[in-house]
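*Asks:* Before anything else, here's the structure in question.
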Amino acid sequence: MTYANGRIIHDADSHTMETGDWLAPYLDPSLVESLGSLYGDATTGQRILSVIEQARARKNDAAADAEARENIIAGTKGWGGYGAFDTDERVRALDALGFESQLVFPTFGLGLVRRAKDEDTLYKAAHALNCAQAAFCAADPRLIYIAFIPLDNPDRAMDLLDKAIEQGAGAVLLPSNAPAGERSPGHTVYDPFWAKLEAEDIPFTLHIGPGTFMQPKAFHNNGRERAPDLHGGGENLRFGDYPCLGYAPQMFITALVYDGVFDRFPALRGAVVECGAGWVPEFLRQLDGGLRSFGKTDPYLQAMKLKPSEYVRRAMKFTPFPSEDVGRMIRDAGAELFLFSSDYPHPEGTKDPIGRFEATMEGIDEDAKDAFYRRNYEALMNMPAAAEAIAAE
């Protein structure tokens with residue numbers, strides 16, 4: 001029996017754990033060197049390399065391979081996770097998990113790209129990362145390749161989008177902050193980009209990492225040694241960052257609503273992934289409260305065809321953390337907004353995300369659960385089953 005245990009489940013958040021040579025086949029060696037070490041300092045690097053070598057040795061040990069797949073969701077995570085960086089393993093990992101598909105995001109390779117010191121390097125490194133992610137996902141149609149596209153330069157963002165579409169991207173990952181040039185993501189200069197996503201039927205995603213707010217560095221100066229992150233390294237999430245994760249997505253979505261993007265492109269779809277979702281019900285209320293407060297004097301609000309919350313409900317989906325009460329969210333805001341995610345092979349996904357979500361859904365009917373595990377994802381990705389259901393309503 002698979003981890004999904006017979007239920008139809010799509011996974012809206014999974015990852016690769018990139019190795020040090022991940023970008024090398026696709027990027028000029030001088031640019032690879034300019035981005036620095038993926039593994040951080042020497043001590044951390046040696047520890048990670050040891051984990052990677054142990055994971056690679058598993059391929060030649062049938063007993064170790066079978067043991068790793070026996071209870072895969074509760075097993076080793078990070079670079080040691082089954083299929084973390086090896087495509088063949090990842091296909092077998094999906095077999096064991098039983099998920100119908102997975103959105104596949106990068107991890108530390110994305111942080112590497114964001115180290116680029118100039119625009120040219122940024123876009124070349126982003127393209128290299130996208131090539132690597134596309135190659136990883138090419139082994140199985142259940143692995144959905146997510147392309148990273150910085151919006152800093154609208155023309156180069158369009159070029160990167162065109163290349164990603166050619167590579168078969170199922171969705172794109174956008175930074176959650178305002179692009180360079182102090183422009184809103186809802187600026188009309190990006191209309192060709194949003195139009196292309198709409199025309200190609202490709203959703204956008206916002207994800208923890210690029211552009212999400214974390215605790216300002218001044219707050220790290222607390223007189224104590226800085227603790228390691230969840231992966232044991234130095235560049236990822238810590239406790240002080242956790243409450244801040246929803247801020248940037250809220251600002252980004254508010255801009256798309258207020259700047260008229262969802263009006264101009266009514267079929268545009270997106271998701272906020274691994275930023276929590278407990279904030280979503282109140283965010284919807286705040287948007288509509290803002291309309292009531294400012295609608296009498298603001299002509300842009302007066303021109304809206306829908307209430308702000310209705311644009312969000314039409315366009316957006318959100319992934320709760322396993323530690324959150326998804327049942328309460330569904331009861332408060334409706335069953336159509338939330339998506340299941342495992343975060344595999346990140347440890348943040350926990351050893352039993354399904355069990356944790358189920359523990360909060362007492363009294364939630366099977367139809368709402370099916371929306372959470374399956375239908376909302378299918379609507380986001382505009383999969384045939386979802387399109388047929390919408391047409392039938």
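Every chain in the structure tokens takes a letter, A first, then B, and so on in the order presented; its residues are numbered from 1, and the ligands are numbered from 1 following the presented order.
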Could you find all residues in segment 60-213 of chain A that DSSP calls strand (DSSP E) from the backbone, and write them as a list in words?

*Replies:*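 DSSP on the backbone gives strand (DSSP E) at Ser101, Gln102, Leu103, Val104, Phe105, Leu143, Ile144, Tyr145, Ile146, Ala147, Phe148, Ala171, Val172, Leu173, Phe204, Thr205, Leu206 and His207 of chain A.
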
*Asks:* Can I get the residues of segment 336-363 of chain A within 12 Å of segment 268-275 of chain A, each with the closest pair of atoms and their distance in Å to one decimal, using only C-alpha atoms, sorted chain first then ascending number, as JSON lines?

*Replies:*
{"residue": "A:Leu337", "atom": "CA", "partner": "A:Ala271", "partner_atom": "CA", "distance": 9.4}
{"residue": "A:Phe338", "atom": "CA", "partner": "A:Ala271", "partner_atom": "CA", "distance": 9.3}
{"residue": "A:Leu339", "atom": "CA", "partner": "A:Val273", "partner_atom": "CA", "distance": 8.9}
{"residue": "A:Phe340", "atom": "CA", "partner": "A:Val273", "partner_atom": "CA", "distance": 10.0}
{"residue": "A:Ser341", "atom": "CA", "partner": "A:Glu274", "partner_atom": "CA", "distance": 8.3}
{"residue": "A:Ser342", "atom": "CA", "partner": "A:Glu274", "partner_atom": "CA", "distance": 9.7}
{"residue": "A:Asp343", "atom": "CA", "partner": "A:Glu274", "partner_atom": "CA", "distance": 7.8}
{"residue": "A:Tyr344", "atom": "CA", "partner": "A:Glu274", "partner_atom": "CA", "distance": 11.6}
{"residue": "A:His346", "atom": "CA", "partner": "A:Glu274", "partner_atom": "CA", "distance": 11.1}
{"residue": "A:Glu348", "atom": "CA", "partner": "A:Glu274", "partner_atom": "CA", "distance": 9.4}
{"residue": "A:Gly349", "atom": "CA", "partner": "A:Glu274", "partner_atom": "CA", "distance": 9.5}

*Asks:* What lies within 8 Å of Ala93 of chain A using only C-alpha atoms, ignoring chain neighbours under 5 positions off, as a list in words?

*Replies:*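 Listed by chain and then number, they are Arg69, Ile72, Tyr82 and Gly83 of chain A.
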
*Asks:* Do you have the atom CA of Glu166 of chain A-atom CA of Tyr26 of chain A distance handy?

*Replies:*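 Separation of atom CA of Glu166 of chain A and atom CA of Tyr26 of chain A: 15.9 Å.
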
*Asks:* Name the residues in contact with Glu89 of chain A at a cut-off of 12 Å, using only C-alpha atoms, excluding same-chain residues fewer than 3 positions from it; report them as number ranges by chain.

*Replies:* A: 16, 55-56, 58-59, 65-66, 68-69, 72, 80-86, 92-96, 136-137, 139-140

*Asks:* Atoms to include: C-alpha atoms. Write the selected residues as a short mmCIF file (atom, residue, chain, number, x, y, z; two decimals), in the first residue's frame.

*Replies:*
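Saved to out-v9.cif:
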data_model
loop_
_atom_site.label_atom_id
_atom_site.label_comp_id
_atom_site.auth_asym_id
_atom_site.auth_seq_id
_atom_site.Cartn_x
_atom_site.Cartn_y
_atom_site.Cartn_z
CA THR A 16 14.99 18.80 -5.37
CA ALA A 55 22.66 8.41 -0.47
CA ARG A 56 24.53 7.59 -3.69
CA ARG A 58 22.29 3.25 -1.64
CA LYS A 59 21.90 2.62 -5.38
CA ASP A 65 17.30 0.84 -1.20
CA ALA A 66 14.32 -1.28 -0.11
CA ALA A 68 14.58 3.60 2.31
CA ARG A 69 11.32 3.04 0.42
CA ILE A 72 9.40 6.80 2.74
CA GLY A 80 19.65 11.92 2.27
CA GLY A 81 16.01 11.67 1.25
CA TYR A 82 15.06 9.04 -1.30
CA GLY A 83 15.03 10.77 -4.68
CA ALA A 84 16.24 14.07 -3.28
CA PHE A 85 18.65 14.59 -6.17
CA ASP A 86 18.53 11.31 -8.10
CA ARG A 92 10.35 5.17 -7.34
CA ALA A 93 9.70 7.56 -4.44
CA LEU A 94 6.53 8.73 -6.20
CA ASP A 95 5.48 5.11 -6.64
CA ALA A 96 5.86 4.59 -2.89
CA PHE A 136 15.27 16.22 -13.40
CA CYS A 137 11.52 16.19 -14.09
CA ALA A 139 11.92 11.20 -16.34
CA ASP A 140 8.24 11.02 -15.38
#

*Asks:* Name the residues in contact with Arg356 of chain A at a cut-off of 9 Å, using only C-alpha atoms, excluding same-chain residues fewer than 2 positions from it; report them as a list of chain:residue names.

*Replies:*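 In the requested form, the answer reads A:Pro322, A:Ser323, A:Glu324, A:Asp325, A:Thr350, A:Asp352, A:Pro353, A:Ile354, A:Glu358, A:Ala359, A:Thr360.
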
*Asks:* Counting only C-alpha atoms, which of A:Met329, A:Ile149, A:Ala126, A:Ala379 gets nearest to Met316 of chain A?

*Replies:*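 Under the stated criterion, the closest residue is A:Ala379.
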
*Asks:* Go through A:Pro179, A:Ala169, A:Leu151, A:Ala24 and flag the residue nearest Pro192 of chain A, using only C-alpha atoms for the distances.

*Replies:* A:Leu151

*Asks:* Determine which residues of segment 250-370 of chain A receive a DSSP assignment of alpha helix (DSSP H), computed from the backbone, and state them as a PyMOL selection string.

*Replies:* chain A and resi 250-258+261-264+280-294+299-302+308-315+326-333+353-359+366-370

*Asks:* Which of these residues is nearest to Pro203 of chain A, using only C-alpha atoms: A:Thr2, A:Thr254, A:Ser34, A:Asn382?

*Replies:* A:Asn382

*Asks:* Given only C-alpha atoms as the basis, pick out the residue of A:Ala333, A:Leu49, A:Val257, A:Val91 nearest to Pro185 of chain A.

*Replies:*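 When distances to Pro185 of chain A are compared using only C-alpha atoms, the smallest one comes from A:Val257.
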
*Asks:* Taking into account only C-alpha atoms, which residue in the set A:Asp263, A:Asp28, A:Glu18, A:Glu67 is nearest to Phe108 of chain A?

*Replies:*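 Looking at the shortest contact to Phe108 of chain A, the residue is A:Glu18.
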
*Asks:* Taking into account only C-alpha atoms, which residue in the set A:Leu27, A:Ile330, A:Leu174, A:Ala116 is nearest to Gly363 of chain A?

*Replies:* A:Ile330

*Asks:* Give me the residues within 12 Å of Glu282 of chain A as a list of chain:residue names, counting only C-alpha atoms and dropping any in the same chain fewer than 6 places off.

*Replies:*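 Answer for this query is A:Gly246, A:Gln250, A:Asp288, A:Gly289, A:Ser309, A:Met329, A:Asp332, A:Ala333.
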
*Asks:* Provide the atom CA of Pro347 of chain A to atom CA of Arg7 of chain A distance in Å, to one decimal place.

*Replies:* 22.9 Å

*Asks:* Near His207 of chain A, counting only C-alpha atoms, which residues have an atom at most 12 Å away, once you skip same-chain residues fewer than 2 positions from it, shown as a short mmCIF file (atom, residue, chain, number, x, y, z; two decimals) with C-alpha atoms, in the first residue's frame?

*Replies:*
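Output file around13.cif is given in full below:
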data_model
loop_
_atom_site.label_atom_id
_atom_site.label_comp_id
_atom_site.auth_asym_id
_atom_site.auth_seq_id
_atom_site.Cartn_x
_atom_site.Cartn_y
_atom_site.Cartn_z
CA ALA A 12 1.49 20.92 -4.54
CA ASP A 13 4.96 21.23 -3.03
CA SER A 14 8.01 19.02 -3.39
CA HIS A 15 11.67 19.78 -3.97
CA LEU A 103 5.07 20.25 -8.31
CA VAL A 104 8.87 20.21 -8.08
CA PHE A 105 10.61 23.34 -6.77
CA PRO A 106 14.36 23.88 -6.36
CA THR A 107 15.92 24.44 -2.94
CA LEU A 110 17.54 28.89 -6.04
CA ILE A 146 8.53 24.68 -12.04
CA PHE A 148 12.05 30.28 -11.78
CA VAL A 172 6.46 29.33 -12.95
CA LEU A 173 7.91 30.54 -9.67
CA LEU A 174 8.05 34.32 -9.20
CA PRO A 175 9.80 36.26 -6.44
CA SER A 176 7.25 37.58 -3.97
CA ASN A 177 8.82 41.01 -3.62
CA PHE A 204 2.32 31.26 -11.35
CA THR A 205 3.48 30.40 -7.85
CA GLY A 209 12.50 31.96 -0.42
CA PRO A 210 12.71 34.46 -3.27
CA GLY A 211 11.24 37.71 -2.01
CA THR A 212 9.47 36.38 1.07
CA PHE A 213 10.00 38.37 4.23
CA LEU A 245 6.12 34.17 5.73
CA GLY A 246 2.66 35.35 4.71
CA TYR A 247 3.50 39.07 4.53
CA ALA A 248 5.11 39.24 1.07
CA PRO A 249 2.49 37.04 -0.66
CA PHE A 252 1.97 40.70 -3.99
CA GLY A 270 -1.70 31.19 -9.10
CA ALA A 271 -0.78 29.56 -5.80
CA VAL A 272 1.04 30.57 -2.64
CA VAL A 273 3.16 27.60 -1.60
CA GLU A 274 4.94 26.89 1.69
CA CYS A 275 4.11 30.25 3.22
CA GLY A 276 1.42 28.88 5.51
CA PHE A 318 -2.81 28.18 -0.83
CA THR A 319 -0.90 25.36 0.89
CA ASP A 343 7.22 19.41 1.01
#

*Asks:* Can you work out the spacing between atom CA of Asn222 of chain A and atom CA of Ile208 of chain A in Å, to one decimal?

*Replies:*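 Interatomic distance, atom CA of Asn222 of chain A to atom CA of Ile208 of chain A: 24.3 Å.
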